[in-house]
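Quick look at entry.cif (mmCIF, C-alpha atoms):
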```cif
data_target
loop_
_atom_site.label_atom_id
_atom_site.label_comp_id
_atom_site.auth_asym_id
_atom_site.auth_seq_id
_atom_site.Cartn_x
_atom_site.Cartn_y
_atom_site.Cartn_z
CA MET S 471 0.00 0.00 0.00
CA LEU S 472 2.82 2.42 0.88
CA THR S 473 4.45 1.66 -2.47
CA THR S 474 1.20 2.49 -4.28
CA ILE S 475 0.90 5.82 -2.45
CA LEU S 476 4.52 6.72 -3.21
CA LEU S 477 4.15 5.74 -6.88
CA GLY S 478 0.96 7.82 -7.12
CA LEU S 479 2.71 10.80 -5.53
CA ALA S 480 5.69 10.46 -7.86
CA ALA S 481 3.36 10.25 -10.87
CA ALA S 482 1.49 13.40 -9.77
CA ILE S 483 4.75 15.31 -9.35
CA ALA S 484 5.96 14.08 -12.75
CA VAL S 485 2.71 15.24 -14.42
CA VAL S 486 3.07 18.72 -12.87
CA LEU S 487 6.72 19.00 -13.92
CA ILE S 488 5.95 17.83 -17.44
CA ALA S 489 3.08 20.34 -17.67
CA GLY S 490 5.54 23.08 -16.67
CA ILE S 491 7.58 22.38 -19.78
CA PHE S 492 4.61 23.43 -21.91
CA MET S 493 3.40 26.36 -19.77
CA LYS S 494 4.17 29.96 -20.64
CA LYS S 495 7.46 31.36 -19.40
CA THR S 496 6.52 35.04 -19.17
CA HIS S 497 4.21 36.96 -16.90
CA TYR S 498 2.55 40.34 -17.47
CA VAL S 499 0.32 42.27 -15.12
CA LYS S 500 -0.82 45.87 -15.65
CA ARG S 501 -2.89 47.94 -13.25
CA GLU S 502 -3.99 51.58 -13.51
CA ILE S 503 -5.32 54.39 -11.36
CA VAL S 504 -6.22 58.04 -11.90
CA ILE S 505 -4.59 60.49 -9.51
CA HIS S 506 -5.97 64.01 -9.08
CA ALA S 507 -2.62 65.78 -9.40
CA PRO S 508 -0.70 67.29 -12.33
CA LEU S 509 1.48 65.03 -14.48
CA ASP S 510 4.79 66.69 -13.58
CA ARG S 511 4.16 66.29 -9.85
CA VAL S 512 3.23 62.61 -10.22
CA PHE S 513 6.09 61.76 -12.60
CA ASN S 514 8.72 63.59 -10.55
CA PHE S 515 7.58 61.69 -7.45
CA LEU S 516 7.57 58.30 -9.21
CA LYS S 517 10.99 58.59 -10.86
CA LEU S 518 12.65 58.59 -7.43
CA LEU S 519 12.97 54.96 -6.35
CA LYS S 520 13.21 56.02 -2.71
CA ASN S 521 9.71 57.50 -3.11
CA GLN S 522 8.40 54.30 -4.68
CA GLU S 523 9.30 52.51 -1.48
CA GLN S 524 6.72 54.70 0.33
CA PHE S 525 3.78 53.19 -1.54
CA ASN S 526 4.92 49.85 -2.92
CA LYS S 527 3.31 47.10 -0.83
CA TRP S 528 6.12 44.67 -1.53
CA ALA S 529 8.76 47.19 -0.39
CA GLN S 530 6.94 47.53 2.93
CA ALA S 531 7.17 43.81 3.72
CA ASP S 532 9.99 44.46 6.20
CA PRO S 533 10.31 47.92 7.75
CA ASN S 534 13.67 46.91 9.29
CA ARG S 535 15.39 45.82 6.10
CA ASN S 536 18.88 47.04 5.26
CA TRP S 537 19.11 49.50 2.35
CA GLU S 538 21.98 50.43 0.06
CA PHE S 539 21.88 53.11 -2.64
CA LYS S 540 24.21 53.52 -5.63
CA GLY S 541 24.16 56.55 -7.90
CA THR S 542 21.79 59.49 -8.12
CA ASP S 543 18.13 58.71 -7.49
CA GLY S 544 15.85 59.58 -10.38
CA THR S 545 18.54 58.96 -13.03
CA ILE S 546 19.37 56.00 -15.25
CA GLY S 547 21.68 53.60 -13.43
CA PHE S 548 20.48 54.39 -9.90
CA VAL S 549 20.26 51.20 -7.83
CA ILE S 550 18.38 50.60 -4.61
CA ALA S 551 19.36 47.32 -2.94
CA TRP S 552 17.86 45.63 0.10
CA SER S 553 18.26 42.70 2.43
CA GLY S 554 15.47 41.81 4.80
CA ASN S 555 13.34 39.16 6.42
CA LYS S 556 11.82 36.14 4.68
CA LYS S 557 8.98 38.22 3.16
CA ALA S 558 11.26 41.00 1.88
CA GLY S 559 14.06 38.75 0.69
CA GLU S 560 17.14 40.22 -0.92
CA GLY S 561 17.63 41.99 -4.21
CA GLU S 562 18.03 45.24 -6.05
CA LYS S 563 16.10 47.52 -8.36
CA GLU S 564 17.77 49.64 -11.05
CA ILE S 565 16.47 52.46 -13.23
CA MET S 566 17.11 51.25 -16.77
CA ASN S 567 15.37 53.97 -18.79
CA LEU S 568 13.47 57.22 -18.27
CA ILE S 569 11.21 58.98 -20.74
CA ASP S 570 10.55 62.31 -19.05
CA GLY S 571 6.93 62.75 -18.08
CA LYS S 572 5.93 59.36 -19.50
CA ARG S 573 7.76 56.25 -18.36
CA ILE S 574 10.13 54.88 -15.73
CA GLU S 575 11.58 51.47 -16.60
CA THR S 576 13.24 49.51 -13.83
CA GLU S 577 14.69 46.06 -13.53
CA ILE S 578 14.22 44.21 -10.28
CA ARG S 579 16.68 41.44 -9.52
CA PHE S 580 15.84 39.11 -6.65
CA VAL S 581 18.52 37.04 -4.97
CA LYS S 582 16.35 35.58 -2.18
CA PRO S 583 14.01 33.81 -1.70
CA MET S 584 14.78 32.79 -5.31
CA LYS S 585 16.82 34.21 -8.17
CA MET S 586 14.52 36.00 -10.55
CA THR S 587 14.54 39.13 -12.71
CA ALA S 588 11.54 41.20 -13.79
CA GLN S 589 10.76 44.57 -15.26
CA VAL S 590 8.68 47.04 -13.29
CA ILE S 591 7.40 49.93 -15.38
CA MET S 592 5.53 53.01 -14.23
CA GLU S 593 3.80 55.02 -16.96
CA THR S 594 2.12 58.40 -16.58
CA GLU S 595 -0.33 60.15 -18.87
CA ALA S 596 -2.04 63.51 -18.38
CA ILE S 597 -5.79 63.17 -18.81
CA GLY S 598 -6.44 66.72 -17.65
CA GLU S 599 -4.53 69.59 -16.06
CA GLN S 600 -5.03 68.11 -12.61
CA GLN S 601 -5.43 64.40 -13.47
CA THR S 602 -2.80 61.80 -14.26
CA ARG S 603 -3.31 58.17 -15.21
CA VAL S 604 -0.63 55.96 -13.68
CA SER S 605 0.00 52.48 -15.07
CA PHE S 606 1.94 49.98 -12.99
CA ILE S 607 3.35 47.07 -15.04
CA ASN S 608 5.15 43.98 -13.79
CA THR S 609 6.51 41.69 -16.48
CA GLY S 610 9.30 39.22 -16.99
CA ARG S 611 10.47 35.77 -17.86
CA ILE S 612 10.43 32.92 -15.37
CA ASP S 613 12.22 29.81 -16.57
CA TYR S 614 11.23 26.21 -15.93
CA PRO S 615 10.39 24.88 -13.34
CA LEU S 616 9.60 28.17 -11.55
CA ASN S 617 7.22 29.07 -14.40
CA LEU S 618 4.77 26.75 -12.64
CA PHE S 619 4.12 29.69 -10.29
CA ILE S 620 3.15 32.17 -13.05
CA PRO S 621 -0.62 31.54 -12.79
CA MET S 622 -0.47 32.11 -9.02
CA ALA S 623 1.60 35.28 -9.47
CA GLU S 624 -0.74 36.67 -12.12
CA LYS S 625 -3.66 36.00 -9.78
CA ASN S 626 -2.05 37.60 -6.69
CA PHE S 627 -0.07 40.50 -8.21
CA PRO S 628 -3.13 42.62 -9.18
CA LYS S 629 -4.37 42.83 -5.59
CA ASP S 630 -0.97 43.98 -4.29
CA MET S 631 -0.44 46.35 -7.21
CA ASP S 632 -3.90 47.90 -6.70
CA SER S 633 -3.10 48.37 -3.01
CA SER S 634 0.19 50.08 -3.93
CA LEU S 635 -1.53 52.38 -6.42
CA LEU S 636 -4.20 53.34 -3.89
CA THR S 637 -1.48 54.24 -1.37
CA LEU S 638 0.24 56.31 -4.08
CA LYS S 639 -3.03 58.10 -4.82
CA ASN S 640 -3.48 58.90 -1.12
CA LEU S 641 0.08 60.23 -0.91
CA LEU S 642 -0.25 62.54 -3.90
CA GLU S 643 -3.81 63.86 -3.56
#
```

Could you take the file, read its structure, and then write that structure out as structure tokens?
Amino acid sequence: MLTTILLGLAAAIAVVLIAGIFMKKTHYVKREIVIHAPLDRVFNFLKLLKNQEQFNKWAQADPNRNWEFKGTDGTIGFVIAWSGNKKAGEGEKEIMNLIDGKRIETEIRFVKPMKMTAQVIMETEAIGEQQTRVSFINTGRIDYPLNLFIPMAEKNFPKDMDSSLLTLKNLLE
């Protein structure tokens, strides 16, 4: 009987791992919010990674984490690195590209709890003199076998991203 249970368990694990070979390897989640503030105020706040840590739910996972900064915040090449508890993990985020008033492209590189790289993009668009649409995009490639977690990530990310955007809205309005 024990052999049958173990063989069944091994078969179930094998099926999941085989399915992972055929599952998608990229994730993409985009969330948006309208903030009642002028575009330049919103963009100039967002381009500073230290400011992003004030509203990003994931960055607030460990208030006692260790921080390290390299370069000039708000410019291409600036890096914010952290090391924290199990929830916060360890990694760094770098500004890769800036399109003034429109887009901040960053790369986030996790070391712990697992090695992974993703792109986090913040886009801004004026929809009135005192209204700005902010888009928060999280995208990247996750190789096998970690790609098995993409459906769970795409299900959970929107809730956390919406929470972050609501905090941003409250900060800027």

Find the spatial neighbours of range 523-539 of chain S, counting only C-alpha atoms, within a cut-off of 12 Å - ignore same-chain residues fewer than 4 positions away - and output them as a PDB file with C-alpha atoms, keeping the file's coordinate frame.
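Result went into around-v4.pdb, see below:
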```
ATOM      1  CA  PHE S 515       7.580  61.690  -7.450  1.00  0.00           C
ATOM      2  CA  LEU S 516       7.570  58.300  -9.210  1.00  0.00           C
ATOM      3  CA  LYS S 517      10.990  58.590 -10.860  1.00  0.00           C
ATOM      4  CA  LEU S 518      12.650  58.590  -7.430  1.00  0.00           C
ATOM      5  CA  LEU S 519      12.970  54.960  -6.350  1.00  0.00           C
ATOM      6  CA  ASP S 543      18.130  58.710  -7.490  1.00  0.00           C
ATOM      7  CA  GLY S 544      15.850  59.580 -10.380  1.00  0.00           C
ATOM      8  CA  GLY S 547      21.680  53.600 -13.430  1.00  0.00           C
ATOM      9  CA  PHE S 548      20.480  54.390  -9.900  1.00  0.00           C
ATOM     10  CA  VAL S 549      20.260  51.200  -7.830  1.00  0.00           C
ATOM     11  CA  ILE S 550      18.380  50.600  -4.610  1.00  0.00           C
ATOM     12  CA  ALA S 551      19.360  47.320  -2.940  1.00  0.00           C
ATOM     13  CA  TRP S 552      17.860  45.630   0.100  1.00  0.00           C
ATOM     14  CA  SER S 553      18.260  42.700   2.430  1.00  0.00           C
ATOM     15  CA  GLY S 554      15.470  41.810   4.800  1.00  0.00           C
ATOM     16  CA  ASN S 555      13.340  39.160   6.420  1.00  0.00           C
ATOM     17  CA  LYS S 556      11.820  36.140   4.680  1.00  0.00           C
ATOM     18  CA  LYS S 557       8.980  38.220   3.160  1.00  0.00           C
ATOM     19  CA  ALA S 558      11.260  41.000   1.880  1.00  0.00           C
ATOM     20  CA  GLY S 559      14.060  38.750   0.690  1.00  0.00           C
ATOM     21  CA  GLU S 560      17.140  40.220  -0.920  1.00  0.00           C
ATOM     22  CA  GLY S 561      17.630  41.990  -4.210  1.00  0.00           C
ATOM     23  CA  GLU S 562      18.030  45.240  -6.050  1.00  0.00           C
ATOM     24  CA  LYS S 563      16.100  47.520  -8.360  1.00  0.00           C
ATOM     25  CA  GLU S 564      17.770  49.640 -11.050  1.00  0.00           C
ATOM     26  CA  ILE S 565      16.470  52.460 -13.230  1.00  0.00           C
ATOM     27  CA  ILE S 578      14.220  44.210 -10.280  1.00  0.00           C
ATOM     28  CA  VAL S 590       8.680  47.040 -13.290  1.00  0.00           C
ATOM     29  CA  MET S 592       5.530  53.010 -14.230  1.00  0.00           C
ATOM     30  CA  PHE S 606       1.940  49.980 -12.990  1.00  0.00           C
ATOM     31  CA  ASN S 626      -2.050  37.600  -6.690  1.00  0.00           C
ATOM     32  CA  PHE S 627      -0.070  40.500  -8.210  1.00  0.00           C
ATOM     33  CA  PRO S 628      -3.130  42.620  -9.180  1.00  0.00           C
ATOM     34  CA  LYS S 629      -4.370  42.830  -5.590  1.00  0.00           C
ATOM     35  CA  ASP S 630      -0.970  43.980  -4.290  1.00  0.00           C
ATOM     36  CA  MET S 631      -0.440  46.350  -7.210  1.00  0.00           C
ATOM     37  CA  ASP S 632      -3.900  47.900  -6.700  1.00  0.00           C
ATOM     38  CA  SER S 633      -3.100  48.370  -3.010  1.00  0.00           C
ATOM     39  CA  SER S 634       0.190  50.080  -3.930  1.00  0.00           C
ATOM     40  CA  LEU S 635      -1.530  52.380  -6.420  1.00  0.00           C
ATOM     41  CA  LEU S 636      -4.200  53.340  -3.890  1.00  0.00           C
ATOM     42  CA  THR S 637      -1.480  54.240  -1.370  1.00  0.00           C
ATOM     43  CA  LEU S 638       0.240  56.310  -4.080  1.00  0.00           C
ATOM     44  CA  LYS S 639      -3.030  58.100  -4.820  1.00  0.00           C
ATOM     45  CA  ASN S 640      -3.480  58.900  -1.120  1.00  0.00           C
ATOM     46  CA  LEU S 641       0.080  60.230  -0.910  1.00  0.00           C
ATOM     47  CA  LEU S 642      -0.250  62.540  -3.900  1.00  0.00           C
TER      48      LEU S 642
END
```

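Closest to Gly610 in chain S among S:Tyr498, S:Leu476, S:Ala596, S:Thr576 is S:Tyr498, based on only C-alpha atoms.
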
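Across the structure, CA of Thr545 in chain S and CA of Pro508 in chain S are spaced 21.0 Å apart.
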
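Atom pair CA of Glu502 in chain S / CA of Thr594 in chain S: separated by 9.7 Å.
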
Practice problem: List the residues matched by the PyMOL selection byres ((chain S and resi 607) around 7) in the displayed structure as a ChimeraX atom specification, ordered by chain and then by residue number. | Solution: /S:499-501,590-592,605-606,608-609

Just to be explicit: take each residue in the selection above, keep C-alpha atoms, and write the result as a PDB file, in the coordinates of the input.
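For reference, part_9.pdb as written:
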```pdb
ATOM      1  CA  VAL S 499       0.320  42.270 -15.120  1.00  0.00           C
ATOM      2  CA  LYS S 500      -0.820  45.870 -15.650  1.00  0.00           C
ATOM      3  CA  ARG S 501      -2.890  47.940 -13.250  1.00  0.00           C
ATOM      4  CA  VAL S 590       8.680  47.040 -13.290  1.00  0.00           C
ATOM      5  CA  ILE S 591       7.400  49.930 -15.380  1.00  0.00           C
ATOM      6  CA  MET S 592       5.530  53.010 -14.230  1.00  0.00           C
ATOM      7  CA  SER S 605       0.000  52.480 -15.070  1.00  0.00           C
ATOM      8  CA  PHE S 606       1.940  49.980 -12.990  1.00  0.00           C
ATOM      9  CA  ASN S 608       5.150  43.980 -13.790  1.00  0.00           C
ATOM     10  CA  THR S 609       6.510  41.690 -16.480  1.00  0.00           C
TER      11      THR S 609
END
```

Exercise. Would you translate the PyMOL selection byres ((chain S and resi 599) around 12) into the concrete set of residues it matches in this file, as a VMD selection string?
Key: chain S and resid 505 to 512 595 to 598 600 to 603

Practice problem: Apply the PyMOL selection byres ((chain S and resi 611) around 6) to the structure shown and report the selected residues as a PyMOL selection string. | Solution: chain S and resi 495-496+610+612

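Of note, CA of Thr542 in chain S and CA of Ile503 in chain S are spaced 27.8 Å apart.
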
Practice problem: Quick one: everything within 10 Å of Met584 in chain S, counting only C-alpha atoms, minus sequence neighbours fewer than 2 positions away in the same chain. Send it as a PyMOL selection string. | Solution: chain S and resi 559-561+579-582+586-587+616

As a PDB file, keeping the file's coordinate frame, please: range 548-572 of chain S completed to N, CA and C atoms.
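Output file selection-v9.pdb is given in full below:
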```pdb
ATOM      1  N   PHE S 548      20.640  54.392 -11.355  1.00  0.00           N
ATOM      2  CA  PHE S 548      20.480  54.390  -9.900  1.00  0.00           C
ATOM      3  C   PHE S 548      20.010  53.020  -9.462  1.00  0.00           C
ATOM      4  N   VAL S 549      20.599  52.512  -8.366  1.00  0.00           N
ATOM      5  CA  VAL S 549      20.260  51.200  -7.830  1.00  0.00           C
ATOM      6  C   VAL S 549      19.890  51.338  -6.354  1.00  0.00           C
ATOM      7  N   ILE S 550      18.784  50.727  -5.998  1.00  0.00           N
ATOM      8  CA  ILE S 550      18.380  50.600  -4.610  1.00  0.00           C
ATOM      9  C   ILE S 550      18.414  49.110  -4.293  1.00  0.00           C
ATOM     10  N   ALA S 551      19.205  48.726  -3.300  1.00  0.00           N
ATOM     11  CA  ALA S 551      19.360  47.320  -2.940  1.00  0.00           C
ATOM     12  C   ALA S 551      18.854  47.117  -1.519  1.00  0.00           C
ATOM     13  N   TRP S 552      18.379  45.923  -1.230  1.00  0.00           N
ATOM     14  CA  TRP S 552      17.860  45.630   0.100  1.00  0.00           C
ATOM     15  C   TRP S 552      18.184  44.205   0.517  1.00  0.00           C
ATOM     16  N   SER S 553      18.139  44.016   1.820  1.00  0.00           N
ATOM     17  CA  SER S 553      18.260  42.700   2.430  1.00  0.00           C
ATOM     18  C   SER S 553      17.362  42.725   3.650  1.00  0.00           C
ATOM     19  N   GLY S 554      16.433  41.780   3.707  1.00  0.00           N
ATOM     20  CA  GLY S 554      15.470  41.810   4.800  1.00  0.00           C
ATOM     21  C   GLY S 554      15.030  40.440   5.248  1.00  0.00           C
ATOM     22  N   ASN S 555      13.878  40.409   5.894  1.00  0.00           N
ATOM     23  CA  ASN S 555      13.340  39.160   6.420  1.00  0.00           C
ATOM     24  C   ASN S 555      12.876  38.242   5.283  1.00  0.00           C
ATOM     25  N   LYS S 556      12.248  37.133   5.659  1.00  0.00           N
ATOM     26  CA  LYS S 556      11.820  36.140   4.680  1.00  0.00           C
ATOM     27  C   LYS S 556      10.847  36.724   3.650  1.00  0.00           C
ATOM     28  N   LYS S 557       9.944  37.609   4.082  1.00  0.00           N
ATOM     29  CA  LYS S 557       8.980  38.220   3.160  1.00  0.00           C
ATOM     30  C   LYS S 557       9.662  39.195   2.199  1.00  0.00           C
ATOM     31  N   ALA S 558      10.591  39.980   2.697  1.00  0.00           N
ATOM     32  CA  ALA S 558      11.260  41.000   1.880  1.00  0.00           C
ATOM     33  C   ALA S 558      12.332  40.395   0.984  1.00  0.00           C
ATOM     34  N   GLY S 559      13.005  39.374   1.466  1.00  0.00           N
ATOM     35  CA  GLY S 559      14.060  38.750   0.690  1.00  0.00           C
ATOM     36  C   GLY S 559      15.253  39.660   0.505  1.00  0.00           C
ATOM     37  N   GLU S 560      15.944  39.435  -0.593  1.00  0.00           N
ATOM     38  CA  GLU S 560      17.140  40.220  -0.920  1.00  0.00           C
ATOM     39  C   GLU S 560      17.159  40.470  -2.417  1.00  0.00           C
ATOM     40  N   GLY S 561      17.553  41.679  -2.791  1.00  0.00           N
ATOM     41  CA  GLY S 561      17.630  41.990  -4.210  1.00  0.00           C
ATOM     42  C   GLY S 561      17.979  43.443  -4.442  1.00  0.00           C
ATOM     43  N   GLU S 562      17.772  43.856  -5.687  1.00  0.00           N
ATOM     44  CA  GLU S 562      18.030  45.240  -6.050  1.00  0.00           C
ATOM     45  C   GLU S 562      17.125  45.638  -7.202  1.00  0.00           C
ATOM     46  N   LYS S 563      16.931  46.954  -7.312  1.00  0.00           N
ATOM     47  CA  LYS S 563      16.100  47.520  -8.360  1.00  0.00           C
ATOM     48  C   LYS S 563      16.892  48.658  -9.004  1.00  0.00           C
ATOM     49  N   GLU S 564      16.964  48.658 -10.337  1.00  0.00           N
ATOM     50  CA  GLU S 564      17.770  49.640 -11.050  1.00  0.00           C
ATOM     51  C   GLU S 564      16.931  50.374 -12.088  1.00  0.00           C
ATOM     52  N   ILE S 565      17.121  51.686 -12.177  1.00  0.00           N
ATOM     53  CA  ILE S 565      16.470  52.460 -13.230  1.00  0.00           C
ATOM     54  C   ILE S 565      17.213  52.181 -14.533  1.00  0.00           C
ATOM     55  N   MET S 566      16.507  51.621 -15.495  1.00  0.00           N
ATOM     56  CA  MET S 566      17.110  51.250 -16.770  1.00  0.00           C
ATOM     57  C   MET S 566      16.854  52.286 -17.859  1.00  0.00           C
ATOM     58  N   ASN S 567      15.703  52.975 -17.775  1.00  0.00           N
ATOM     59  CA  ASN S 567      15.370  53.970 -18.790  1.00  0.00           C
ATOM     60  C   ASN S 567      14.337  54.944 -18.226  1.00  0.00           C
ATOM     61  N   LEU S 568      14.433  56.180 -18.644  1.00  0.00           N
ATOM     62  CA  LEU S 568      13.470  57.220 -18.270  1.00  0.00           C
ATOM     63  C   LEU S 568      13.039  57.958 -19.523  1.00  0.00           C
ATOM     64  N   ILE S 569      11.746  58.116 -19.692  1.00  0.00           N
ATOM     65  CA  ILE S 569      11.210  58.980 -20.740  1.00  0.00           C
ATOM     66  C   ILE S 569      10.454  60.055 -19.967  1.00  0.00           C
ATOM     67  N   ASP S 570      11.038  61.244 -19.921  1.00  0.00           N
ATOM     68  CA  ASP S 570      10.550  62.310 -19.050  1.00  0.00           C
ATOM     69  C   ASP S 570       9.051  62.547 -19.217  1.00  0.00           C
ATOM     70  N   GLY S 571       8.368  62.505 -18.099  1.00  0.00           N
ATOM     71  CA  GLY S 571       6.930  62.750 -18.080  1.00  0.00           C
ATOM     72  C   GLY S 571       6.077  61.576 -18.518  1.00  0.00           C
ATOM     73  N   LYS S 572       6.708  60.470 -18.935  1.00  0.00           N
ATOM     74  CA  LYS S 572       5.930  59.360 -19.500  1.00  0.00           C
ATOM     75  C   LYS S 572       6.192  57.992 -18.881  1.00  0.00           C
TER      76      LYS S 572
END
```
